[in-house]
>>> print(open('protein.txt').read())   # compact mmCIF, N, CA, C and O atoms
# COMPACT_ATOMS: atom_id res chain seq x y z
N MET A 1 0.21 -5.40 17.52
CA MET A 1 0.57 -5.66 16.15
C MET A 1 2.09 -5.64 16.01
O MET A 1 2.77 -4.85 16.64
N LYS A 2 2.59 -6.49 15.16
CA LYS A 2 4.02 -6.54 14.87
C LYS A 2 4.32 -5.51 13.78
O LYS A 2 4.58 -5.84 12.63
N THR A 3 4.33 -4.26 14.17
CA THR A 3 4.44 -3.15 13.22
C THR A 3 5.75 -3.17 12.45
O THR A 3 5.75 -2.99 11.23
N LEU A 4 6.86 -3.38 13.13
CA LEU A 4 8.15 -3.37 12.43
C LEU A 4 8.28 -4.53 11.46
O LEU A 4 8.85 -4.37 10.38
N THR A 5 7.72 -5.68 11.81
CA THR A 5 7.75 -6.82 10.89
C THR A 5 6.95 -6.51 9.64
O THR A 5 7.39 -6.76 8.51
N LEU A 6 5.76 -5.95 9.82
CA LEU A 6 4.93 -5.57 8.69
C LEU A 6 5.62 -4.50 7.85
O LEU A 6 5.65 -4.59 6.61
N ALA A 7 6.19 -3.50 8.48
CA ALA A 7 6.89 -2.43 7.76
C ALA A 7 8.06 -3.01 6.96
O ALA A 7 8.25 -2.66 5.79
N TYR A 8 8.83 -3.89 7.57
CA TYR A 8 9.95 -4.53 6.89
C TYR A 8 9.46 -5.31 5.67
O TYR A 8 10.04 -5.23 4.59
N ASP A 9 8.37 -6.07 5.84
CA ASP A 9 7.83 -6.87 4.74
C ASP A 9 7.38 -5.98 3.57
O ASP A 9 7.57 -6.33 2.41
N ILE A 10 6.79 -4.84 3.89
CA ILE A 10 6.35 -3.91 2.84
C ILE A 10 7.55 -3.35 2.09
O ILE A 10 7.57 -3.33 0.85
N VAL A 11 8.57 -2.92 2.81
CA VAL A 11 9.77 -2.37 2.17
C VAL A 11 10.46 -3.44 1.33
O VAL A 11 10.87 -3.18 0.19
N GLU A 12 10.55 -4.64 1.86
CA GLU A 12 11.18 -5.74 1.10
C GLU A 12 10.39 -6.03 -0.17
O GLU A 12 10.97 -6.28 -1.23
N MET A 13 9.07 -6.00 -0.08
CA MET A 13 8.22 -6.27 -1.23
C MET A 13 8.48 -5.25 -2.34
O MET A 13 8.53 -5.59 -3.51
N VAL A 14 8.65 -4.00 -1.97
CA VAL A 14 8.84 -2.94 -2.96
C VAL A 14 10.28 -2.88 -3.46
O VAL A 14 10.53 -2.84 -4.66
N LYS A 15 11.24 -2.89 -2.55
CA LYS A 15 12.62 -2.59 -2.91
C LYS A 15 13.51 -3.82 -3.08
O LYS A 15 14.58 -3.73 -3.64
N GLY A 16 13.08 -4.96 -2.57
CA GLY A 16 13.93 -6.14 -2.59
C GLY A 16 14.80 -6.20 -1.35
O GLY A 16 15.11 -5.16 -0.75
N LYS A 17 15.19 -7.38 -0.97
CA LYS A 17 15.93 -7.60 0.29
C LYS A 17 17.25 -6.83 0.33
O LYS A 17 17.62 -6.29 1.35
N SER A 18 17.93 -6.73 -0.80
CA SER A 18 19.26 -6.10 -0.79
C SER A 18 19.21 -4.57 -0.71
O SER A 18 20.22 -3.95 -0.40
N ALA A 19 18.06 -3.96 -0.95
CA ALA A 19 17.98 -2.49 -0.98
C ALA A 19 17.23 -1.90 0.21
O ALA A 19 16.91 -0.72 0.23
N ILE A 20 16.97 -2.71 1.22
CA ILE A 20 16.22 -2.23 2.38
C ILE A 20 17.07 -1.23 3.17
O ILE A 20 18.25 -1.48 3.43
N GLU A 21 16.44 -0.10 3.50
CA GLU A 21 17.11 0.92 4.30
C GLU A 21 16.29 1.13 5.57
O GLU A 21 15.06 1.11 5.55
N ALA A 22 17.00 1.35 6.66
CA ALA A 22 16.32 1.51 7.96
C ALA A 22 15.30 2.64 7.94
O ALA A 22 14.21 2.51 8.49
N MET A 23 15.63 3.75 7.30
CA MET A 23 14.70 4.89 7.28
C MET A 23 13.40 4.54 6.57
O MET A 23 12.34 5.01 6.95
N ASP A 24 13.49 3.72 5.52
CA ASP A 24 12.27 3.29 4.83
C ASP A 24 11.39 2.49 5.78
O ASP A 24 10.18 2.70 5.84
N VAL A 25 11.99 1.57 6.52
CA VAL A 25 11.23 0.75 7.46
C VAL A 25 10.61 1.62 8.55
O VAL A 25 9.43 1.47 8.90
N ILE A 26 11.37 2.55 9.06
CA ILE A 26 10.86 3.45 10.11
C ILE A 26 9.71 4.30 9.58
O ILE A 26 8.66 4.42 10.23
N ASN A 27 9.88 4.88 8.40
CA ASN A 27 8.82 5.71 7.82
C ASN A 27 7.55 4.91 7.55
O ASN A 27 6.44 5.39 7.81
N VAL A 28 7.69 3.70 7.05
CA VAL A 28 6.52 2.85 6.80
C VAL A 28 5.87 2.48 8.13
O VAL A 28 4.64 2.48 8.25
N ALA A 29 6.67 2.17 9.15
CA ALA A 29 6.11 1.83 10.46
C ALA A 29 5.31 2.99 11.03
O ALA A 29 4.23 2.80 11.61
N ILE A 30 5.79 4.21 10.84
CA ILE A 30 5.06 5.39 11.31
C ILE A 30 3.73 5.51 10.57
O ILE A 30 2.69 5.76 11.19
N GLU A 31 3.74 5.28 9.26
CA GLU A 31 2.49 5.34 8.49
C GLU A 31 1.52 4.25 8.92
O GLU A 31 0.31 4.48 8.98
N ILE A 32 2.04 3.07 9.25
CA ILE A 32 1.18 1.97 9.73
C ILE A 32 0.53 2.37 11.05
O ILE A 32 -0.68 2.18 11.23
N GLU A 33 1.31 2.93 11.95
CA GLU A 33 0.76 3.36 13.23
C GLU A 33 -0.30 4.46 13.05
O GLU A 33 -1.32 4.46 13.71
N ASP A 34 -0.05 5.38 12.13
CA ASP A 34 -0.99 6.46 11.87
C ASP A 34 -2.29 5.96 11.23
O ASP A 34 -3.34 6.59 11.37
N ALA A 35 -2.21 4.83 10.53
CA ALA A 35 -3.38 4.30 9.83
C ALA A 35 -4.45 3.81 10.81
O ALA A 35 -5.64 3.83 10.50
N GLY A 36 -4.01 3.34 11.97
CA GLY A 36 -4.96 2.87 12.98
C GLY A 36 -5.85 1.76 12.48
O GLY A 36 -5.37 0.75 11.97
N ASP A 37 -7.16 1.95 12.60
CA ASP A 37 -8.12 0.91 12.23
C ASP A 37 -8.28 0.74 10.72
O ASP A 37 -8.84 -0.25 10.27
N SER A 38 -7.84 1.71 9.95
CA SER A 38 -8.00 1.61 8.50
C SER A 38 -6.72 1.12 7.83
O SER A 38 -6.38 1.51 6.72
N LEU A 39 -6.02 0.21 8.49
CA LEU A 39 -4.74 -0.30 8.00
C LEU A 39 -4.88 -0.98 6.65
O LEU A 39 -4.07 -0.77 5.76
N SER A 40 -5.91 -1.78 6.48
CA SER A 40 -6.06 -2.50 5.20
C SER A 40 -6.15 -1.52 4.04
O SER A 40 -5.57 -1.75 2.98
N ASP A 41 -6.87 -0.43 4.22
CA ASP A 41 -6.97 0.58 3.16
C ASP A 41 -5.64 1.30 2.98
O ASP A 41 -5.27 1.67 1.86
N ALA A 42 -4.93 1.52 4.06
CA ALA A 42 -3.68 2.28 4.00
C ALA A 42 -2.53 1.51 3.36
O ALA A 42 -1.63 2.12 2.78
N ILE A 43 -2.55 0.19 3.43
CA ILE A 43 -1.45 -0.63 2.90
C ILE A 43 -1.18 -0.31 1.43
O ILE A 43 -0.04 -0.09 1.03
N LEU A 44 -2.23 -0.28 0.61
CA LEU A 44 -2.04 -0.03 -0.81
C LEU A 44 -1.48 1.38 -1.05
O LEU A 44 -0.61 1.57 -1.90
N HIS A 45 -1.93 2.34 -0.27
CA HIS A 45 -1.43 3.71 -0.39
C HIS A 45 0.05 3.78 0.03
O HIS A 45 0.86 4.41 -0.65
N ILE A 46 0.38 3.13 1.13
CA ILE A 46 1.77 3.12 1.62
C ILE A 46 2.68 2.47 0.59
O ILE A 46 3.75 2.99 0.26
N LEU A 47 2.25 1.34 0.06
CA LEU A 47 3.05 0.61 -0.92
C LEU A 47 3.25 1.45 -2.19
O LEU A 47 4.37 1.57 -2.70
N ALA A 48 2.18 2.07 -2.67
CA ALA A 48 2.29 2.89 -3.88
C ALA A 48 3.20 4.09 -3.66
O ALA A 48 4.01 4.44 -4.53
N ARG A 49 3.09 4.73 -2.50
CA ARG A 49 3.94 5.88 -2.20
C ARG A 49 5.41 5.47 -2.15
O ARG A 49 6.28 6.11 -2.73
N LEU A 50 5.70 4.36 -1.47
CA LEU A 50 7.08 3.88 -1.37
C LEU A 50 7.62 3.51 -2.74
O LEU A 50 8.77 3.83 -3.07
N PHE A 51 6.81 2.87 -3.57
CA PHE A 51 7.26 2.50 -4.92
C PHE A 51 7.56 3.75 -5.75
O PHE A 51 8.59 3.83 -6.42
N THR A 52 6.67 4.73 -5.67
CA THR A 52 6.85 5.96 -6.44
C THR A 52 8.11 6.71 -6.00
O THR A 52 8.85 7.24 -6.83
N LEU A 53 8.37 6.74 -4.69
CA LEU A 53 9.58 7.39 -4.19
C LEU A 53 10.84 6.62 -4.57
O LEU A 53 11.88 7.21 -4.86
N SER A 54 10.75 5.29 -4.55
CA SER A 54 11.92 4.45 -4.81
C SER A 54 12.26 4.34 -6.30
O SER A 54 13.42 4.24 -6.67
N PHE A 55 11.22 4.34 -7.14
CA PHE A 55 11.41 4.15 -8.58
C PHE A 55 10.60 5.17 -9.37
O PHE A 55 9.67 4.80 -10.10
N PRO A 56 10.91 6.46 -9.24
CA PRO A 56 10.07 7.49 -9.87
C PRO A 56 9.97 7.37 -11.38
O PRO A 56 8.89 7.56 -11.94
N GLU A 57 11.08 7.03 -12.04
CA GLU A 57 11.02 6.94 -13.49
C GLU A 57 10.17 5.75 -13.95
O GLU A 57 9.44 5.84 -14.93
N MET A 58 10.23 4.65 -13.23
CA MET A 58 9.41 3.48 -13.58
C MET A 58 7.93 3.77 -13.29
O MET A 58 7.05 3.45 -14.09
N ALA A 59 7.65 4.36 -12.13
CA ALA A 59 6.27 4.63 -11.74
C ALA A 59 5.60 5.59 -12.72
O ALA A 59 4.41 5.45 -13.00
N SER A 60 6.35 6.54 -13.25
CA SER A 60 5.76 7.51 -14.16
C SER A 60 5.41 6.90 -15.51
O SER A 60 4.61 7.45 -16.26
N GLN A 61 5.98 5.75 -15.82
CA GLN A 61 5.72 5.09 -17.11
C GLN A 61 4.56 4.11 -17.05
O GLN A 61 4.09 3.65 -18.08
N LEU A 62 4.09 3.78 -15.84
CA LEU A 62 3.00 2.81 -15.70
C LEU A 62 1.67 3.54 -15.57
O LEU A 62 1.60 4.56 -14.89
N PRO A 63 0.62 2.99 -16.17
CA PRO A 63 -0.68 3.67 -16.10
C PRO A 63 -1.16 3.91 -14.67
O PRO A 63 -1.62 5.00 -14.34
N ALA A 64 -1.05 2.94 -13.81
CA ALA A 64 -1.53 3.09 -12.43
C ALA A 64 -0.40 3.48 -11.49
O ALA A 64 -0.63 3.68 -10.31
N GLY A 65 0.81 3.55 -11.99
CA GLY A 65 1.94 3.93 -11.16
C GLY A 65 2.62 2.79 -10.43
O GLY A 65 3.74 2.92 -9.97
N VAL A 66 1.97 1.64 -10.31
CA VAL A 66 2.53 0.50 -9.58
C VAL A 66 2.30 -0.76 -10.42
O VAL A 66 1.20 -0.97 -10.94
N PRO A 67 3.31 -1.62 -10.57
CA PRO A 67 3.14 -2.85 -11.34
C PRO A 67 2.03 -3.75 -10.77
O PRO A 67 1.84 -3.81 -9.55
N ASP A 68 1.33 -4.43 -11.65
CA ASP A 68 0.22 -5.30 -11.23
C ASP A 68 0.67 -6.38 -10.25
O ASP A 68 -0.04 -6.67 -9.29
N ASP A 69 1.84 -6.99 -10.50
CA ASP A 69 2.28 -8.05 -9.60
C ASP A 69 2.55 -7.52 -8.20
O ASP A 69 2.27 -8.20 -7.21
N LEU A 70 3.03 -6.31 -8.09
CA LEU A 70 3.26 -5.70 -6.79
C LEU A 70 1.93 -5.42 -6.09
O LEU A 70 1.79 -5.63 -4.88
N MET A 71 0.94 -4.98 -6.83
CA MET A 71 -0.38 -4.75 -6.24
C MET A 71 -1.00 -6.07 -5.78
O MET A 71 -1.65 -6.12 -4.73
N GLN A 72 -0.79 -7.13 -6.52
CA GLN A 72 -1.30 -8.44 -6.11
C GLN A 72 -0.62 -8.89 -4.81
O GLN A 72 -1.27 -9.45 -3.92
N GLN A 73 0.67 -8.65 -4.69
CA GLN A 73 1.39 -8.98 -3.45
C GLN A 73 0.84 -8.15 -2.29
O GLN A 73 0.70 -8.64 -1.17
N ALA A 74 0.52 -6.89 -2.57
CA ALA A 74 -0.03 -6.02 -1.53
C ALA A 74 -1.39 -6.53 -1.07
O ALA A 74 -1.70 -6.53 0.12
N LEU A 75 -2.21 -6.97 -2.01
CA LEU A 75 -3.53 -7.51 -1.65
C LEU A 75 -3.38 -8.79 -0.82
O LEU A 75 -4.14 -9.02 0.12
N ALA A 76 -2.39 -9.61 -1.16
CA ALA A 76 -2.12 -10.81 -0.36
C ALA A 76 -1.67 -10.42 1.05
O ALA A 76 -2.05 -11.07 2.03
N LEU A 77 -0.90 -9.35 1.15
CA LEU A 77 -0.46 -8.86 2.46
C LEU A 77 -1.66 -8.40 3.28
O LEU A 77 -1.74 -8.69 4.48
N VAL A 78 -2.60 -7.72 2.65
CA VAL A 78 -3.82 -7.29 3.34
C VAL A 78 -4.59 -8.51 3.85
O VAL A 78 -5.09 -8.51 4.97
N ARG A 79 -4.65 -9.56 3.04
CA ARG A 79 -5.31 -10.80 3.49
C ARG A 79 -4.57 -11.40 4.69
O ARG A 79 -5.20 -11.88 5.63
N ASP A 80 -3.24 -11.39 4.64
CA ASP A 80 -2.45 -11.90 5.77
C ASP A 80 -2.75 -11.12 7.05
O ASP A 80 -2.85 -11.70 8.13
N ILE A 81 -2.90 -9.80 6.91
CA ILE A 81 -3.24 -8.98 8.08
C ILE A 81 -4.60 -9.40 8.61
O ILE A 81 -4.78 -9.58 9.81
N GLY A 82 -5.56 -9.58 7.71
CA GLY A 82 -6.89 -10.01 8.10
C GLY A 82 -6.90 -11.37 8.76
O GLY A 82 -7.75 -11.66 9.61
N ASN A 83 -5.95 -12.22 8.37
CA ASN A 83 -5.86 -13.56 8.95
C ASN A 83 -5.03 -13.61 10.22
O ASN A 83 -4.77 -14.68 10.77
N GLY A 84 -4.57 -12.44 10.68
CA GLY A 84 -3.87 -12.37 11.96
C GLY A 84 -2.37 -12.62 11.92
O GLY A 84 -1.75 -12.80 12.97
N LYS A 85 -1.77 -12.62 10.74
CA LYS A 85 -0.32 -12.92 10.65
C LYS A 85 0.53 -11.91 11.41
O LYS A 85 1.58 -12.25 11.95
N TYR A 86 0.10 -10.67 11.49
CA TYR A 86 0.91 -9.62 12.12
C TYR A 86 0.40 -9.23 13.50
O TYR A 86 0.75 -8.19 14.02
N TYR A 87 -0.42 -10.08 14.11
CA TYR A 87 -0.94 -9.79 15.46
C TYR A 87 -0.42 -10.80 16.45
O TYR A 87 -0.01 -11.84 16.14
>>> encode(input="protein.txt", output="structure tokens")
Amino acid sequence: MKTLTLAYDIVEMVKGKSAIEAMDVINVAIEIEDAGDSLSDAILHILARLFTLSFPEMASQLPAGVPDDLMQQALALVRDIGNGKYY
């Protein structure tokens, strides 16, 4: 699996290209590796955690904690994983 590419894509999705930090990518990559076979389930959790850490005041104002458009992007990412984009 192209773990670093996937981790980078997740961080970019949440924070935007200009705010990407190496530690975020490394931490997400570690979580991806820890997820093992349940990666599809873990993606939404990883994305929500990163969003909450990156934008705590915004996340606390949303009912689900994560904007709907970001969740839709995460679901599309899960489909990409299923279609082999990161393998």
>>> residues_around(input="protein.txt", residues="Ser54 (chain A)", least_positions_apart="5", cutoff="9 Å", atoms="only C-alpha atoms", output="list in words")
Val14, Lys15, Arg49 and Ala59 of chain A
>>> write_last_selection(input="protein.txt", atoms="N, CA, C and O atoms", output="PDB file, in the frame of the given file")
ATOM      1  N   VAL A  14       8.650  -4.000  -1.970  1.00  0.00           N
ATOM      2  CA  VAL A  14       8.840  -2.940  -2.960  1.00  0.00           C
ATOM      3  C   VAL A  14      10.280  -2.880  -3.460  1.00  0.00           C
ATOM      4  O   VAL A  14      10.530  -2.840  -4.660  1.00  0.00           O
ATOM      5  N   LYS A  15      11.240  -2.890  -2.550  1.00  0.00           N
ATOM      6  CA  LYS A  15      12.620  -2.590  -2.910  1.00  0.00           C
ATOM      7  C   LYS A  15      13.510  -3.820  -3.080  1.00  0.00           C
ATOM      8  O   LYS A  15      14.580  -3.730  -3.640  1.00  0.00           O
ATOM      9  N   ARG A  49       3.090   4.730  -2.500  1.00  0.00           N
ATOM     10  CA  ARG A  49       3.940   5.880  -2.200  1.00  0.00           C
ATOM     11  C   ARG A  49       5.410   5.470  -2.150  1.00  0.00           C
ATOM     12  O   ARG A  49       6.280   6.110  -2.730  1.00  0.00           O
ATOM     13  N   ALA A  59       7.650   4.360 -12.130  1.00  0.00           N
ATOM     14  CA  ALA A  59       6.270   4.630 -11.740  1.00  0.00           C
ATOM     15  C   ALA A  59       5.600   5.590 -12.720  1.00  0.00           C
ATOM     16  O   ALA A  59       4.410   5.450 -13.000  1.00  0.00           O
TER      17      ALA A  59
END
>>> residues_around(input="protein.txt", residues="Ile81 (chain A)", least_positions_apart="4", cutoff="9 Å", atoms="only C-alpha atoms", output="JSON, numbers by chain")
{"A": [6, 39, 40, 76, 77, 85, 86, 87]}
>>> atom_distance(input="protein.txt", atom1="CA of Ala19 (chain A)", atom2="CA of Glu31 (chain A)")
19.8 Å
>>> closest_atom_pairs(input="protein.txt", of="region 34-57 of chain A", to="region 69-75 of chain A", cutoff="9 Å", atoms="only C-alpha atoms", output="tab-separated table")
residue	atom	partner	partner_atom	distance
A:Ser40	CA	A:Leu75	CA	8.9
A:Ile43	CA	A:Ala74	CA	7.1
A:Leu44	CA	A:Ala74	CA	6.4
A:Leu47	CA	A:Ala74	CA	7.3
A:Ala48	CA	A:Met71	CA	8.4
>>> atom_distance(input="protein.txt", atom1="CA of Ala7 (chain A)", atom2="atom C of Ala29 (chain A)")
6.5 Å
>>> build_atoms(input="protein.txt", residues="region 20-31 of chain A", atoms="all heavy atoms", output="JSON list (two decimals), in the coordinates of the input")
[["chain", "number", "residue", "atom", "x", "y", "z"],
["A", 20, "ILE", "N", 16.97, -2.71, 1.22],
["A", 20, "ILE", "CA", 16.22, -2.23, 2.38],
["A", 20, "ILE", "C", 17.07, -1.23, 3.17],
["A", 20, "ILE", "O", 18.25, -1.48, 3.43],
["A", 20, "ILE", "CB", 15.80, -3.40, 3.29],
["A", 20, "ILE", "CG1", 14.77, -4.25, 2.55],
["A", 20, "ILE", "CG2", 15.24, -2.91, 4.62],
["A", 20, "ILE", "CD1", 14.39, -5.52, 3.27],
["A", 21, "GLU", "N", 16.44, -0.10, 3.50],
["A", 21, "GLU", "CA", 17.11, 0.92, 4.30],
["A", 21, "GLU", "C", 16.29, 1.13, 5.57],
["A", 21, "GLU", "O", 15.06, 1.11, 5.55],
["A", 21, "GLU", "CB", 17.21, 2.22, 3.52],
["A", 21, "GLU", "CG", 18.08, 2.09, 2.28],
["A", 21, "GLU", "CD", 18.08, 3.33, 1.42],
["A", 21, "GLU", "OE1", 17.67, 4.40, 1.92],
["A", 21, "GLU", "OE2", 18.52, 3.23, 0.27],
["A", 22, "ALA", "N", 17.00, 1.35, 6.66],
["A", 22, "ALA", "CA", 16.32, 1.51, 7.96],
["A", 22, "ALA", "C", 15.30, 2.64, 7.94],
["A", 22, "ALA", "O", 14.21, 2.51, 8.49],
["A", 22, "ALA", "CB", 17.35, 1.74, 9.06],
["A", 23, "MET", "N", 15.63, 3.75, 7.30],
["A", 23, "MET", "CA", 14.70, 4.89, 7.28],
["A", 23, "MET", "C", 13.40, 4.54, 6.57],
["A", 23, "MET", "O", 12.34, 5.01, 6.95],
["A", 23, "MET", "CB", 15.33, 6.12, 6.62],
["A", 23, "MET", "CG", 16.22, 6.92, 7.55],
["A", 23, "MET", "SD", 15.48, 7.33, 9.16],
["A", 23, "MET", "CE", 14.13, 8.37, 8.71],
["A", 24, "ASP", "N", 13.49, 3.72, 5.52],
["A", 24, "ASP", "CA", 12.27, 3.29, 4.83],
["A", 24, "ASP", "C", 11.39, 2.49, 5.78],
["A", 24, "ASP", "O", 10.18, 2.70, 5.84],
["A", 24, "ASP", "CB", 12.59, 2.43, 3.60],
["A", 24, "ASP", "CG", 13.19, 3.23, 2.47],
["A", 24, "ASP", "OD1", 12.84, 4.42, 2.33],
["A", 24, "ASP", "OD2", 14.00, 2.67, 1.72],
["A", 25, "VAL", "N", 11.99, 1.57, 6.52],
["A", 25, "VAL", "CA", 11.23, 0.75, 7.46],
["A", 25, "VAL", "C", 10.61, 1.62, 8.55],
["A", 25, "VAL", "O", 9.43, 1.47, 8.90],
["A", 25, "VAL", "CB", 12.11, -0.37, 8.07],
["A", 25, "VAL", "CG1", 11.34, -1.16, 9.11],
["A", 25, "VAL", "CG2", 12.62, -1.30, 6.97],
["A", 26, "ILE", "N", 11.37, 2.55, 9.06],
["A", 26, "ILE", "CA", 10.86, 3.45, 10.11],
["A", 26, "ILE", "C", 9.71, 4.30, 9.58],
["A", 26, "ILE", "O", 8.66, 4.42, 10.23],
["A", 26, "ILE", "CB", 12.00, 4.34, 10.66],
["A", 26, "ILE", "CG1", 12.99, 3.48, 11.45],
["A", 26, "ILE", "CG2", 11.44, 5.46, 11.53],
["A", 26, "ILE", "CD1", 14.30, 4.17, 11.76],
["A", 27, "ASN", "N", 9.88, 4.88, 8.40],
["A", 27, "ASN", "CA", 8.82, 5.71, 7.82],
["A", 27, "ASN", "C", 7.55, 4.91, 7.55],
["A", 27, "ASN", "O", 6.44, 5.39, 7.81],
["A", 27, "ASN", "CB", 9.29, 6.39, 6.55],
["A", 27, "ASN", "CG", 10.30, 7.49, 6.83],
["A", 27, "ASN", "OD1", 10.30, 8.09, 7.90],
["A", 27, "ASN", "ND2", 11.16, 7.76, 5.88],
["A", 28, "VAL", "N", 7.69, 3.70, 7.05],
["A", 28, "VAL", "CA", 6.52, 2.85, 6.80],
["A", 28, "VAL", "C", 5.87, 2.48, 8.13],
["A", 28, "VAL", "O", 4.64, 2.48, 8.25],
["A", 28, "VAL", "CB", 6.90, 1.61, 5.97],
["A", 28, "VAL", "CG1", 5.77, 0.60, 5.94],
["A", 28, "VAL", "CG2", 7.28, 2.02, 4.55],
["A", 29, "ALA", "N", 6.67, 2.17, 9.15],
["A", 29, "ALA", "CA", 6.11, 1.83, 10.46],
["A", 29, "ALA", "C", 5.31, 2.99, 11.03],
["A", 29, "ALA", "O", 4.23, 2.80, 11.61],
["A", 29, "ALA", "CB", 7.23, 1.44, 11.43],
["A", 30, "ILE", "N", 5.79, 4.21, 10.84],
["A", 30, "ILE", "CA", 5.06, 5.39, 11.31],
["A", 30, "ILE", "C", 3.73, 5.51, 10.57],
["A", 30, "ILE", "O", 2.69, 5.76, 11.19],
["A", 30, "ILE", "CB", 5.91, 6.67, 11.13],
["A", 30, "ILE", "CG1", 7.08, 6.65, 12.12],
["A", 30, "ILE", "CG2", 5.06, 7.92, 11.30],
["A", 30, "ILE", "CD1", 8.13, 7.70, 11.84],
["A", 31, "GLU", "N", 3.74, 5.28, 9.26],
["A", 31, "GLU", "CA", 2.49, 5.34, 8.49],
["A", 31, "GLU", "C", 1.52, 4.25, 8.92],
["A", 31, "GLU", "O", 0.31, 4.48, 8.98],
["A", 31, "GLU", "CB", 2.78, 5.21, 7.00],
["A", 31, "GLU", "CG", 3.45, 6.44, 6.42],
["A", 31, "GLU", "CD", 3.56, 6.35, 4.91],
["A", 31, "GLU", "OE1", 2.53, 6.24, 4.23],
["A", 31, "GLU", "OE2", 4.70, 6.40, 4.42]]
